[in-house]
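Let me begin by presenting the structure, written as C-alpha cells, before commenting on it.
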Protein chains: 2
Amino acid sequence: MSDSVSVGMADTDRRGVAPVGLLTTSRIRRSPFADHVEAAGVKGYTVYNHMLLPLVYRSLEEDYRHLKEHVQLWDVAAQRQVEISGPDSGRLVQWMTPRDLSWAEIGQCFYAPLVDETGGMVNDPVILKLADDRFWLSLADSDVLLWARGLASAGGFDVAIAEPDVSPLAVQGPKSEDLMAAVFGEAVRAIGFFRFARLAFDGHDFVVARSGWSKQGGFEIYVDDATLAGDLWDTLLRAGAPFGVGPGCPNVIERIEGGLLSYGGDMTLEHNPFECGLGTYCHLDRPIAFLGRERLEAIQAAGIERQIRGLVIDVPSMPFCTTPWPVSRGGETVGQVTSAAFSPDAGRGLA
Amino acid sequence: MSDSVSVGMADTDRRGVAPVGLLTTSRIRRSPFADHVEAAGVKGYTVYNHMLLPLVYRSLEEDYRHLKEHVQLWDVAAQRQVEISGPDSGRLVQWMTPRDLSWAEIGQCFYAPLVDETGGMVNDPVILKLADDRFWLSLADSDVLLWARGLASAGGFDVAIAEPDVSPLAVQGPKSEDLMAAVFGEAVRAIGFFRFARLAFDGHDFVVARSGWSKQGGFEIYVDDATLAGDLWDTLLRAGAPFGVGPGCPNVIERIEGGLLSYGGDMTLEHNPFECGLGTYCHLDRPIAFLGRERLEAIQAAGIERQIRGLVIDVPSMPFCTTPWPVSRGGETVGQVTSAAFSPDAGRGLA
C-alpha cells in the first residue's frame, strides 16, 4: 500500500540548478585530474573534503543519460582516504563501525556506517582491507581523520593514522568493464563486486576495485601516484572512444533513482544508522566491540522514531532540492525531503 | 636585512579570480542570512564547515577599499560553534590546546591553536568562555566536533559536545563601533578587545564580542536564534546608512596585509604551531595538561625546520594565489606561497 503525503518545494529551488560563483583559494584543494576536468568542460563543482568535486558537465539530464548508456570517467579525488595501520588498526576500525568486520579478507571492500557514542552517523565510507594491519577508509564528506585520531590518541590504540595522497578515479557505466579491460587487461573482469585487485598501469600497481557511487556498474582506481593521473585519464579517454566514453561525475538524478544516500545532506551526525535505512549494517547480535553499541541497542529497543524513505513525487516536472522541503500529511508536517530530482526514465519526481 | 627569493606563480592563477560554478545541494548548508546576502548581490562564495561563506560582493579590490574606510556586515555563519559543556569541559578544552586557559575568565575570548598528538594543527578557533563549565569554539574550517567527540568518548571526559545553531554576524571596519552603538546601545563601547557581553536586540540577549577576521576593528554577534537573523541584518543596514555600511566578507587582500592565517590553506594538520608563527600560544612552561605536549616539547628542542613568513613581492601587479607557488633562492626551492594578493595600499604584492 502506498502512503500519500504532500511536499512543499522551497522557493530557493525554483530557480533551478544554475551554479553560483565559487572563489577558489588554496584552502580548497585541487585534484591531480583538475587540469583534465577543466579541459573537458566541467560546468559546476561542489566542495567535498576540502577539495573540488565536479558535479556537472553538460547538464544533469545529459550527464544522466550518458552515464546510463555508455561509460564515464569521474574525478572523485575528493573521496579522500584515511589510512589506519599498525598493530591495533583492525581493532580501531572495528571500534568505529557496528558492521562486523571480523571475517573481512584482504582484498575486500565494505560499505560501513561510522557511528559515534551517541549513535550518530560520522561518515559512511567504503573500507578497504589492504592487509591485516592496514585499512583505507574511502570517505564521504567529513573529517574522519580527526575523529580517528581523537579516538586513537585518547584510547591508547597503537596505530598510525594519516591521509595518504590517494585520488580515486571512477570508471562508471554499463560499458565500464570493457573499457577497463582494454587498459588494465582481462584480469579486470575477474574482480568481484566490492573486491579489489592490484593491476599495473605504466609500470605502477594500482588498487582497482569494482565499486562506485552509481548503480550502473563500474570501477574505482585508487591513484596513489599523482604524477600518473594525467596519463591515466588520457589513456582511458583514448581507449574508451569505441565505448562512447566521456567525462562525468556522481549524478544527482541517477543516485536518487538508485537510492544512494549522501552523507551531510540526507544523513548527518544527528541521525542514527537505523533512521538512515542502514540497520542491515548494524550487527548488534555479533560479539564485536564498537563505540556506539550501547546507544544503538537502546535505540533498537525503543523503536525507530523516524526513517529515511524513498518518495515518488507525482508531478510532470520539478526542481532539484537544495534546501529541505517539508513533507506533510493532512496539514501536519511529518518529515522533510533532502534530495530530490525529476527522473526522466521514471517520468516522475523521486526523493 | 631583508632576504630575497623568487616566487613562481602558478599558471592556473593567471586567469584571475573569476569564480567557477558551484552547484548547491542540501549537503552545503545555507546560513540564516543567505536570502539577505543574495539580495545584497554576493558574487562568489567559498564552502566552509559544509556551509556557504560569501567571499566577494563587488570585487575584491572594491570590497577591500570599503572595509578599510567604512563598516561592513559579514555573514560568517560558517564559523560554526562547537559547544563543550559539563563537569570536565574546562579540562577537555585545555587538553585540546597548548594555550594556557587556567586563568581564563567568563566573558573572555581566546585565539588558540588546537593541536593533536603529532603536534599538528587541528584548527585555530576563538574560544569563548561562557561559564566555568561551558565553552564555545568558534571554528575555522575543520570538523572539530568529531575530534572533540573522539577525544571525549575514548578519554572518558564527562562532557556534552554539540554544534548549536549559532551563526555569527560580523560587523567590521573603522565605523563598526558607531554602528553597533546605534543598534545595541552605548554599552558596546565598553567591550574590551577579545571580550564579550550579552546585549539585547528585539528582546533577545546575544553574545557580542569585540573580535573578527580583519584588522579594521569590529564585533561579532553570535546569533543563536535564526528567526531574528533577517531583522538584525536589516536593522544594522538601516542604522548604518550614515556610516556608509555595506555587505562584506572576509577579504583576502586585507587579511594577507594584516597577516591573518587561513586554516586549511596556510596551515594544516601537517604543520605544528611553531611553524605557523603561533609559538606565542604554546605555553610549554606552564603546568597545564594538553594532548600535544610531548611532541611540541620535542619539536621545540629540535628546532623549527620551516616557518610561515610574510613576503613582499616586488611587482606592479599580480594574480591571487589559488594553488601553492614555489619559492626559490638561487635555483633551489626553499618553500611555497599559499596566500598572496596585490595590496593597493602597499603598492606591492604581499604573501
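By convention here, the chains of the C-alpha cells are called A, B, ... in the order presented, each chain's residues are numbered starting at 1, and ligands are numbered starting at 1 in the order presented.
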Review point. What residues in chain B lie within 8 Å of chain A, counting only C-alpha atoms, written as a PyMOL selection string?
Key: chain B and resi 17-30+43-47+55+116-117+122+142-144+146-155+262-266+321-324+338-339
**Study point:** Residue neighbourhood Lys68 in chain A, 7 Å, only C-alpha atoms, exclusion window fewer than 5 positions, as a PyMOL selection string
**Key:** chain A and resi 173-174+216
Practice item. Would you list the contacts of Val223 in chain B as a ChimeraX atom specification, taking every protein, DNA or RNA residue within 12 Å and counting only C-alpha atoms, but skipping same-chain residues closer than 3 positions in sequence? Key: /B:31-33,75-81,164-170,198-201,204-209,220,226-233
For the residues selected in the previous step, produce a file with N, CA and C atoms as a short mmCIF file (atom, residue, chain, number, x, y, z; two decimals), in the first residue's frame.
```cif
data_model
loop_
_atom_site.label_atom_id
_atom_site.label_comp_id
_atom_site.auth_asym_id
_atom_site.auth_seq_id
_atom_site.Cartn_x
_atom_site.Cartn_y
_atom_site.Cartn_z
N SER B 31 23.09 29.68 5.28
CA SER B 31 23.07 30.39 6.56
C SER B 31 21.73 31.09 6.71
N PRO B 32 21.38 31.47 7.94
CA PRO B 32 20.11 32.20 8.12
C PRO B 32 20.13 33.59 7.48
N PHE B 33 21.32 34.06 7.07
CA PHE B 33 21.42 35.36 6.39
C PHE B 33 21.39 35.21 4.86
N ASP B 75 28.29 37.90 6.77
CA ASP B 75 27.66 36.62 7.11
C ASP B 75 28.76 35.59 7.31
N VAL B 76 29.14 35.39 8.57
CA VAL B 76 30.16 34.38 8.87
C VAL B 76 29.53 33.25 9.69
N ALA B 77 28.30 32.91 9.32
CA ALA B 77 27.61 31.78 9.95
C ALA B 77 28.44 30.50 9.82
N ALA B 78 29.25 30.42 8.77
CA ALA B 78 30.06 29.22 8.52
C ALA B 78 31.15 29.04 9.59
N GLN B 79 31.41 30.08 10.34
CA GLN B 79 32.28 30.00 11.50
C GLN B 79 31.45 29.31 12.59
N ARG B 80 31.25 27.99 12.43
CA ARG B 80 30.36 27.25 13.31
C ARG B 80 30.94 27.15 14.73
N GLN B 81 30.06 26.91 15.68
CA GLN B 81 30.48 26.73 17.06
C GLN B 81 30.46 25.25 17.44
N PRO B 164 25.71 23.83 18.35
CA PRO B 164 24.45 24.57 18.46
C PRO B 164 24.25 25.38 17.19
N ASP B 165 23.02 25.75 16.91
CA ASP B 165 22.76 26.55 15.70
C ASP B 165 23.03 28.02 16.00
N VAL B 166 24.31 28.35 16.03
CA VAL B 166 24.75 29.72 16.31
C VAL B 166 25.47 30.24 15.07
N SER B 167 25.00 31.36 14.54
CA SER B 167 25.53 31.90 13.29
C SER B 167 26.10 33.29 13.53
N PRO B 168 27.41 33.41 13.59
CA PRO B 168 27.98 34.74 13.82
C PRO B 168 27.72 35.69 12.65
N LEU B 169 27.40 36.92 13.02
CA LEU B 169 27.33 38.03 12.07
C LEU B 169 28.40 39.01 12.50
N ALA B 170 29.37 39.26 11.62
CA ALA B 170 30.45 40.17 11.98
C ALA B 170 30.15 41.57 11.46
N ARG B 198 26.66 40.32 26.92
CA ARG B 198 25.35 39.91 26.40
C ARG B 198 24.50 41.15 26.26
N LEU B 199 24.13 41.44 25.01
CA LEU B 199 23.39 42.66 24.73
C LEU B 199 22.10 42.32 24.01
N ALA B 200 21.06 43.12 24.30
CA ALA B 200 19.72 42.81 23.80
C ALA B 200 19.46 43.40 22.42
N PHE B 201 18.79 42.62 21.61
CA PHE B 201 18.21 43.10 20.36
C PHE B 201 16.86 42.43 20.23
N HIS B 204 15.98 39.84 22.77
CA HIS B 204 16.80 38.63 22.91
C HIS B 204 18.24 39.03 23.22
N ASP B 205 18.85 38.36 24.19
CA ASP B 205 20.24 38.66 24.52
C ASP B 205 21.20 37.88 23.62
N PHE B 206 22.05 38.62 22.94
CA PHE B 206 23.06 37.99 22.09
C PHE B 206 24.45 38.14 22.71
N VAL B 207 25.28 37.14 22.53
CA VAL B 207 26.70 37.29 22.83
C VAL B 207 27.30 38.20 21.76
N VAL B 208 27.90 39.31 22.21
CA VAL B 208 28.52 40.26 21.30
C VAL B 208 29.99 40.41 21.71
N ALA B 209 30.90 40.05 20.82
CA ALA B 209 32.33 40.08 21.13
C ALA B 209 33.03 41.13 20.30
N GLU B 220 31.63 40.69 16.65
CA GLU B 220 30.92 39.53 16.15
C GLU B 220 29.71 39.30 17.04
N ALA B 226 17.87 31.88 14.88
CA ALA B 226 17.89 32.12 13.43
C ALA B 226 16.70 32.96 12.98
N THR B 227 15.60 32.94 13.74
CA THR B 227 14.42 33.70 13.31
C THR B 227 14.65 35.21 13.43
N LEU B 228 15.68 35.61 14.17
CA LEU B 228 15.99 37.03 14.30
C LEU B 228 17.06 37.50 13.33
N ALA B 229 17.64 36.56 12.57
CA ALA B 229 18.79 36.89 11.72
C ALA B 229 18.44 37.97 10.69
N GLY B 230 17.31 37.81 10.03
CA GLY B 230 16.94 38.77 8.98
C GLY B 230 16.68 40.15 9.54
N ASP B 231 15.97 40.22 10.65
CA ASP B 231 15.69 41.51 11.30
C ASP B 231 16.98 42.20 11.71
N LEU B 232 17.89 41.44 12.26
CA LEU B 232 19.15 42.01 12.73
C LEU B 232 19.93 42.59 11.55
N TRP B 233 20.00 41.82 10.48
CA TRP B 233 20.70 42.28 9.26
C TRP B 233 20.08 43.59 8.77
#
```
Practice item. Please return as an MDAnalysis selection string: the residues of range 130-305 of chain B that backbone DSSP assigns to strand (DSSP E or B). Key: chainID B and resid 130:131 134:138 160:162 167:172 193 195:201 204:210 218:223 246:248 263 267
Point to revise | Every residue of range 79-301 of chain B that DSSP places in helix (DSSP H, G or I), as a PyMOL selection string | key: chain B and resi 89-96+144-155+176-184+186-190+226-239+241-243+252-257+279-281+293-301
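Between CA of Gly246 in chain B and CA of Glu69 in chain B there is a distance of 11.1 Å.
Take CA of Val82 in chain B and CA of Leu139 in chain B: the distance between them is 7.5 Å.
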Practice item. Would you list the contacts of range 347-349 of chain B as a ChimeraX atom specification, taking every protein, DNA or RNA residue within 9 Å and counting only C-alpha atoms, but skipping same-chain residues closer than 2 positions in sequence? Key: /B:311-318,340-345,351
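Straight-line separation from CA of Gly41 in chain A to CA of Gln72 in chain A: 13.8 Å.
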